[in-house]
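Asker: Structure: upload-v2.cif, mmCIF, C-alpha atoms.
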```cif
data_run
#
loop_
_atom_site.label_atom_id
_atom_site.label_comp_id
_atom_site.auth_asym_id
_atom_site.auth_seq_id
_atom_site.Cartn_x
_atom_site.Cartn_y
_atom_site.Cartn_z
CA MET H 262 37.86 65.43 64.96
CA ARG H 263 37.33 67.10 68.24
CA LEU H 264 40.27 68.49 70.10
CA THR H 265 39.39 69.14 73.71
CA THR H 266 40.88 71.68 76.07
CA LYS H 267 43.36 69.04 77.20
CA GLY H 268 45.13 69.01 73.84
CA ARG H 269 44.77 72.75 73.27
CA PHE H 270 46.11 73.63 76.73
CA ALA H 271 48.98 71.17 76.40
CA VAL H 272 50.11 72.71 73.10
CA THR H 273 49.68 76.25 74.47
CA ALA H 274 51.68 75.44 77.60
CA MET H 275 54.42 73.79 75.54
CA ILE H 276 54.69 76.89 73.33
CA ASP H 277 55.03 79.01 76.47
CA LEU H 278 57.73 76.68 77.80
CA GLY H 279 59.46 76.63 74.42
CA MET H 280 59.57 80.42 74.29
CA ARG H 281 61.37 80.58 77.65
CA HIS H 282 63.30 77.28 77.81
CA GLN H 283 66.71 78.91 77.40
CA ARG H 284 66.26 80.73 80.72
CA GLY H 285 66.34 77.46 82.65
CA PRO H 286 63.50 75.63 84.39
CA ILE H 287 60.10 77.30 83.94
CA THR H 288 57.51 77.08 86.69
CA LEU H 289 53.99 75.88 86.03
CA ALA H 290 52.79 78.79 88.15
CA GLY H 291 54.33 81.16 85.60
CA ILE H 292 52.74 79.34 82.68
CA SER H 293 49.44 79.27 84.56
CA GLU H 294 49.52 83.02 85.10
CA ARG H 295 50.59 83.91 81.55
CA GLN H 296 48.21 81.54 79.78
CA ARG H 297 45.35 81.62 82.30
CA ILE H 298 45.29 77.85 82.66
CA SER H 299 44.55 76.25 86.01
CA LEU H 300 47.72 75.28 87.86
CA SER H 301 46.27 71.92 88.92
CA TYR H 302 45.31 71.18 85.31
CA LEU H 303 48.84 72.04 84.15
CA GLU H 304 50.26 69.73 86.82
CA GLN H 305 48.23 66.86 85.38
CA LEU H 306 49.25 67.66 81.80
CA PHE H 307 52.94 68.07 82.61
CA GLY H 308 52.94 64.82 84.57
CA ARG H 309 51.86 63.08 81.37
CA LEU H 310 54.30 65.05 79.22
CA ARG H 311 57.12 64.09 81.61
CA ARG H 312 56.18 60.40 81.54
CA GLN H 313 56.31 60.51 77.73
CA GLY H 314 59.79 62.05 77.77
CA ILE H 315 58.79 65.41 76.31
CA VAL H 316 59.66 67.49 79.38
CA ASP H 317 61.89 67.02 82.42
CA SER H 318 61.16 68.30 85.90
CA VAL H 319 63.70 70.01 88.14
CA ARG H 320 62.95 69.99 91.86
CA GLY H 321 63.83 72.48 94.52
CA PRO H 322 64.42 76.22 94.53
CA GLY H 323 64.73 77.47 90.98
CA GLY H 324 63.02 74.32 89.79
CA GLY H 325 60.34 73.86 87.20
CA TYR H 326 60.15 72.21 83.81
CA THR H 327 62.57 72.03 80.92
CA LEU H 328 62.33 70.47 77.49
CA ALA H 329 63.59 66.89 77.36
CA LYS H 330 64.13 67.18 73.59
CA SER H 331 64.96 70.01 71.24
CA LEU H 332 62.15 72.15 69.85
CA ASP H 333 62.74 70.57 66.43
CA GLU H 334 62.10 67.08 67.82
CA ILE H 335 58.71 67.75 69.41
CA SER H 336 55.69 67.59 67.10
CA VAL H 337 52.22 68.82 67.94
CA ALA H 338 51.00 65.23 67.45
CA ALA H 339 53.47 64.02 70.10
CA ILE H 340 52.19 66.60 72.58
CA ILE H 341 48.58 65.67 71.93
CA ARG H 342 49.31 61.93 72.14
CA ALA H 343 51.23 62.45 75.40
CA VAL H 344 48.17 63.89 77.14
CA ASP H 345 45.99 61.03 75.85
CA GLU H 346 44.06 63.20 73.43
CA PRO H 347 42.48 61.12 70.68
CA ILE H 348 42.98 62.26 67.11
CA ASP H 349 39.87 60.65 65.70
CA ALA H 350 37.05 61.95 63.50
CA THR H 351 35.08 58.68 63.59
CA GLN H 352 32.23 57.99 65.96
CA CYS H 353 33.45 54.46 66.58
CA GLY H 354 36.98 55.29 67.65
CA GLY H 355 38.28 53.58 64.51
CA LEU H 356 36.85 50.20 65.53
CA GLY H 357 34.52 49.93 62.55
CA ASN H 358 31.44 49.21 64.66
CA CYS H 359 29.77 52.51 63.79
CA ARG H 360 26.43 51.06 62.80
CA ASP H 361 25.13 47.82 64.26
CA ASP H 362 28.65 46.45 64.72
CA ARG H 363 29.54 47.26 61.10
CA GLU H 364 31.25 50.17 59.43
CA CYS H 365 28.99 53.07 58.52
CA MET H 366 28.95 54.37 54.94
CA THR H 367 31.33 57.23 55.80
CA HIS H 368 33.77 55.23 57.95
CA ASP H 369 36.53 55.24 55.31
CA LEU H 370 36.09 58.97 54.76
CA TRP H 371 36.62 59.73 58.46
CA MET H 372 39.51 57.29 58.74
CA THR H 373 41.23 59.02 55.81
CA LEU H 374 40.61 62.38 57.49
CA ASN H 375 42.20 61.00 60.67
CA THR H 376 45.29 60.08 58.68
CA HIS H 377 45.54 63.55 57.12
CA ILE H 378 45.04 65.30 60.46
CA TYR H 379 47.61 63.10 62.16
CA ASP H 380 50.13 63.58 59.32
CA TYR H 381 49.67 67.35 59.49
CA LEU H 382 50.05 67.52 63.29
CA GLU H 383 53.08 65.26 63.06
CA SER H 384 54.65 67.68 60.55
CA VAL H 385 54.17 70.77 62.74
CA MET H 386 57.08 71.08 65.12
CA LEU H 387 57.13 73.02 68.38
CA SER H 388 60.02 75.08 66.99
CA GLU H 389 57.73 76.50 64.27
CA LEU H 390 55.05 77.52 66.74
CA VAL H 391 57.57 79.09 69.11
CA SER H 392 59.21 81.01 66.25
CA LYS H 393 55.85 82.39 65.11
CA GLN H 394 54.99 83.56 68.63
CA LEU H 395 58.38 85.19 69.11
CA GLU H 396 57.97 86.99 65.77
CA LYS H 397 54.52 88.23 66.81
CA LEU H 398 55.90 89.54 70.09
CA ALA H 399 58.74 91.32 68.31
CA LEU H 400 56.29 92.98 65.92
CA GLU H 401 54.01 94.05 68.78
CA GLU H 402 56.92 95.58 70.66
CA ALA H 403 58.21 97.36 67.55
CA SER H 404 54.87 98.89 66.53
CA PRO H 405 53.66 102.06 68.25
CA ARG H 406 50.81 101.61 70.66
CA LYS H 407 47.44 102.73 69.37
CA ASP H 408 45.26 104.90 71.55
CA THR H 409 42.14 102.80 72.04
CA ARG H 410 40.04 105.57 73.56
CA ARG H 411 36.97 106.35 71.48
CA VAL H 412 36.18 109.87 70.34
CA ILE H 413 32.50 110.68 70.73
CA GLY H 414 30.94 112.88 68.09
CA THR H 415 28.43 115.67 68.79
CA ALA H 416 25.61 113.66 67.16
CA GLU H 417 26.19 110.84 69.66
CA ILE H 418 26.21 113.27 72.55
CA LYS H 419 22.90 114.81 71.41
CA ALA H 420 21.39 111.34 70.93
CA ALA H 421 22.39 110.36 74.45
CA TYR H 422 20.42 113.27 75.91
#
```
Mind turning this structure into structure tokens?
Answerer:
Amino acid sequence: MRLTTKGRFAVTAMIDLGMRHQRGPITLAGISERQRISLSYLEQLFGRLRRQGIVDSVRGPGGGYTLAKSLDEISVAAIIRAVDEPIDATQCGGLGNCRDDRECMTHDLWMTLNTHIYDYLESVMLSELVSKQLEKLALEEASPRKDTRRVIGTAEIKAAY
């Protein structure tokens, strides 16, 4: 299975939205800045997510995007499907015409893998991903900052000259 940037960015942007959804509508410009995803690309993705009923848009000042469903009702598979990302490990797109219009010897293997991947992504809810990110942020804020400056030893100084 190959998951392109479309699916990865859609899931990333939805986690960002999910982390902030209680504050009201979230702008795509904010998500773009925080996640370093092109604003025009996000506009395309969120248009698809809106048409699939995963997000709602709010126009005007203070507008942006909100979740159309609860975090517990949005699976990763739903996000990926909404942006037209195929979940397919076969070369034939599941059509069975892999080799001279017939199934290749490994067709059933890849179809079974597709089922397992889809089942897994369907079982992972946006709420889980948001919770994990919020926990990571809390841990980062609670731990003391490490000084990342490097101490140079005398041997390195001598070697440099």
Asker: Could you list the residues chosen by the PyMOL selection byres ((chain H and resi 274) around 12) in this structure as a PDB file with C-alpha atoms, in the frame of the given file?
Answerer:
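New file result26.pdb:
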```
ATOM      1  CA  THR H 266      40.880  71.680  76.070  1.00  0.00           C
ATOM      2  CA  LYS H 267      43.360  69.040  77.200  1.00  0.00           C
ATOM      3  CA  GLY H 268      45.130  69.010  73.840  1.00  0.00           C
ATOM      4  CA  ARG H 269      44.770  72.750  73.270  1.00  0.00           C
ATOM      5  CA  PHE H 270      46.110  73.630  76.730  1.00  0.00           C
ATOM      6  CA  ALA H 271      48.980  71.170  76.400  1.00  0.00           C
ATOM      7  CA  VAL H 272      50.110  72.710  73.100  1.00  0.00           C
ATOM      8  CA  THR H 273      49.680  76.250  74.470  1.00  0.00           C
ATOM      9  CA  MET H 275      54.420  73.790  75.540  1.00  0.00           C
ATOM     10  CA  ILE H 276      54.690  76.890  73.330  1.00  0.00           C
ATOM     11  CA  ASP H 277      55.030  79.010  76.470  1.00  0.00           C
ATOM     12  CA  LEU H 278      57.730  76.680  77.800  1.00  0.00           C
ATOM     13  CA  GLY H 279      59.460  76.630  74.420  1.00  0.00           C
ATOM     14  CA  MET H 280      59.570  80.420  74.290  1.00  0.00           C
ATOM     15  CA  ARG H 281      61.370  80.580  77.650  1.00  0.00           C
ATOM     16  CA  HIS H 282      63.300  77.280  77.810  1.00  0.00           C
ATOM     17  CA  ILE H 287      60.100  77.300  83.940  1.00  0.00           C
ATOM     18  CA  THR H 288      57.510  77.080  86.690  1.00  0.00           C
ATOM     19  CA  LEU H 289      53.990  75.880  86.030  1.00  0.00           C
ATOM     20  CA  ALA H 290      52.790  78.790  88.150  1.00  0.00           C
ATOM     21  CA  GLY H 291      54.330  81.160  85.600  1.00  0.00           C
ATOM     22  CA  ILE H 292      52.740  79.340  82.680  1.00  0.00           C
ATOM     23  CA  SER H 293      49.440  79.270  84.560  1.00  0.00           C
ATOM     24  CA  GLU H 294      49.520  83.020  85.100  1.00  0.00           C
ATOM     25  CA  ARG H 295      50.590  83.910  81.550  1.00  0.00           C
ATOM     26  CA  GLN H 296      48.210  81.540  79.780  1.00  0.00           C
ATOM     27  CA  ARG H 297      45.350  81.620  82.300  1.00  0.00           C
ATOM     28  CA  ILE H 298      45.290  77.850  82.660  1.00  0.00           C
ATOM     29  CA  SER H 299      44.550  76.250  86.010  1.00  0.00           C
ATOM     30  CA  LEU H 300      47.720  75.280  87.860  1.00  0.00           C
ATOM     31  CA  TYR H 302      45.310  71.180  85.310  1.00  0.00           C
ATOM     32  CA  LEU H 303      48.840  72.040  84.150  1.00  0.00           C
ATOM     33  CA  GLU H 304      50.260  69.730  86.820  1.00  0.00           C
ATOM     34  CA  LEU H 306      49.250  67.660  81.800  1.00  0.00           C
ATOM     35  CA  PHE H 307      52.940  68.070  82.610  1.00  0.00           C
ATOM     36  CA  LEU H 310      54.300  65.050  79.220  1.00  0.00           C
ATOM     37  CA  VAL H 316      59.660  67.490  79.380  1.00  0.00           C
ATOM     38  CA  TYR H 326      60.150  72.210  83.810  1.00  0.00           C
ATOM     39  CA  THR H 327      62.570  72.030  80.920  1.00  0.00           C
ATOM     40  CA  LEU H 328      62.330  70.470  77.490  1.00  0.00           C
ATOM     41  CA  VAL H 337      52.220  68.820  67.940  1.00  0.00           C
ATOM     42  CA  ILE H 340      52.190  66.600  72.580  1.00  0.00           C
ATOM     43  CA  ILE H 341      48.580  65.670  71.930  1.00  0.00           C
ATOM     44  CA  LEU H 387      57.130  73.020  68.380  1.00  0.00           C
ATOM     45  CA  LEU H 390      55.050  77.520  66.740  1.00  0.00           C
ATOM     46  CA  VAL H 391      57.570  79.090  69.110  1.00  0.00           C
TER      47      VAL H 391
END
```
Asker: Apply the PyMOL selection byres ((chain H and resi 336) around 6) to the file shown and report the selected residues as a ChimeraX atom specification.
Answerer: /H:335,337-339,383,385-387
Asker: So, with all atoms listed in the file as the atoms that count, which of H:Gly325, H:Ser318, H:Asn375, H:Glu389 lies closest to Pro347 (chain H)?
Answerer: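 Between H:Gly325, H:Ser318, H:Asn375, H:Glu389, the residue approaching Pro347 (chain H) most closely is H:Asn375.
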Asker: I need the residue nearest Ala343 (chain H) from this list: H:Arg309, H:Lys330, H:His368, H:Arg320. Use only C-alpha atoms for the distance.
Answerer: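 With only C-alpha atoms as the atom set, the closest residue is H:Arg309.
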Asker: Which is closer to Tyr379 (chain H) than all the others in H:Glu334, H:Glu396, H:Asp349, H:Glu402, using all atoms listed in the file?
Answerer: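 Among the listed residues, the smallest separation from Tyr379 (chain H) belongs to H:Asp349.
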Asker: Could N, CA and C atoms be built for region 304-337 of chain H and written out as a compact mmCIF listing (two decimals), in the coordinates of the input?
Answerer:
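Written file, selection-v1.txt:
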```
# COMPACT_ATOMS: atom_id res chain seq x y z
N GLU H 304 49.52 70.78 86.12
CA GLU H 304 50.26 69.73 86.82
C GLU H 304 49.92 68.36 86.26
N GLN H 305 48.65 68.13 85.98
CA GLN H 305 48.23 66.86 85.38
C GLN H 305 48.84 66.68 83.99
N LEU H 306 48.73 67.73 83.17
CA LEU H 306 49.25 67.66 81.80
C LEU H 306 50.76 67.45 81.78
N PHE H 307 51.48 68.19 82.62
CA PHE H 307 52.94 68.07 82.61
C PHE H 307 53.41 66.75 83.21
N GLY H 308 52.61 66.16 84.09
CA GLY H 308 52.94 64.82 84.57
C GLY H 308 52.93 63.84 83.41
N ARG H 309 51.95 63.95 82.55
CA ARG H 309 51.86 63.08 81.37
C ARG H 309 52.97 63.38 80.37
N LEU H 310 53.23 64.67 80.15
CA LEU H 310 54.30 65.05 79.22
C LEU H 310 55.66 64.56 79.72
N ARG H 311 55.86 64.58 81.03
CA ARG H 311 57.12 64.09 81.61
C ARG H 311 57.23 62.58 81.43
N ARG H 312 56.15 61.87 81.70
CA ARG H 312 56.18 60.40 81.54
C ARG H 312 56.44 59.98 80.10
N GLN H 313 56.07 60.82 79.15
CA GLN H 313 56.31 60.51 77.73
C GLN H 313 57.66 61.02 77.24
N GLY H 314 58.45 61.61 78.14
CA GLY H 314 59.79 62.05 77.77
C GLY H 314 59.85 63.33 76.96
N ILE H 315 58.81 64.15 77.06
CA ILE H 315 58.79 65.41 76.31
C ILE H 315 59.35 66.55 77.16
N VAL H 316 59.10 66.50 78.46
CA VAL H 316 59.66 67.49 79.38
C VAL H 316 60.35 66.77 80.53
N ASP H 317 61.23 67.49 81.19
CA ASP H 317 61.89 67.02 82.42
C ASP H 317 61.51 67.96 83.54
N SER H 318 61.45 67.44 84.75
CA SER H 318 61.16 68.30 85.90
C SER H 318 62.43 68.48 86.72
N VAL H 319 62.56 69.68 87.28
CA VAL H 319 63.70 70.01 88.14
C VAL H 319 63.11 70.41 89.48
N ARG H 320 63.50 69.71 90.53
CA ARG H 320 62.95 69.99 91.86
C ARG H 320 63.76 71.03 92.60
N GLY H 321 63.13 71.57 93.62
CA GLY H 321 63.83 72.48 94.52
C GLY H 321 63.73 73.94 94.09
N PRO H 322 64.42 74.80 94.86
CA PRO H 322 64.42 76.22 94.53
C PRO H 322 64.98 76.43 93.12
N GLY H 323 64.31 77.25 92.36
CA GLY H 323 64.73 77.47 90.98
C GLY H 323 64.30 76.35 90.06
N GLY H 324 63.48 75.46 90.58
CA GLY H 324 63.02 74.32 89.79
C GLY H 324 61.88 74.67 88.87
N GLY H 325 61.43 73.70 88.15
CA GLY H 325 60.34 73.86 87.20
C GLY H 325 60.47 72.80 86.13
N TYR H 326 60.11 73.15 84.92
CA TYR H 326 60.15 72.21 83.81
C TYR H 326 61.06 72.71 82.71
N THR H 327 61.73 71.76 82.07
CA THR H 327 62.57 72.03 80.92
C THR H 327 62.16 71.07 79.80
N LEU H 328 62.60 71.37 78.60
CA LEU H 328 62.33 70.47 77.49
C LEU H 328 63.28 69.28 77.57
N ALA H 329 62.75 68.09 77.35
CA ALA H 329 63.59 66.89 77.36
C ALA H 329 64.19 66.63 75.98
N LYS H 330 63.65 67.31 74.97
CA LYS H 330 64.13 67.18 73.59
C LYS H 330 64.25 68.59 73.02
N SER H 331 64.87 68.69 71.88
CA SER H 331 64.96 70.01 71.24
C SER H 331 63.60 70.37 70.65
N LEU H 332 63.41 71.66 70.43
CA LEU H 332 62.15 72.15 69.85
C LEU H 332 61.86 71.50 68.50
N ASP H 333 62.90 71.18 67.75
CA ASP H 333 62.74 70.57 66.43
C ASP H 333 62.33 69.10 66.50
N GLU H 334 62.43 68.50 67.67
CA GLU H 334 62.10 67.08 67.82
C GLU H 334 60.72 66.84 68.41
N ILE H 335 60.01 67.90 68.75
CA ILE H 335 58.71 67.75 69.41
C ILE H 335 57.62 68.20 68.44
N SER H 336 56.79 67.26 68.01
CA SER H 336 55.69 67.59 67.10
C SER H 336 54.42 67.87 67.91
N VAL H 337 53.51 68.56 67.30
CA VAL H 337 52.22 68.82 67.94
C VAL H 337 51.51 67.48 68.20
```
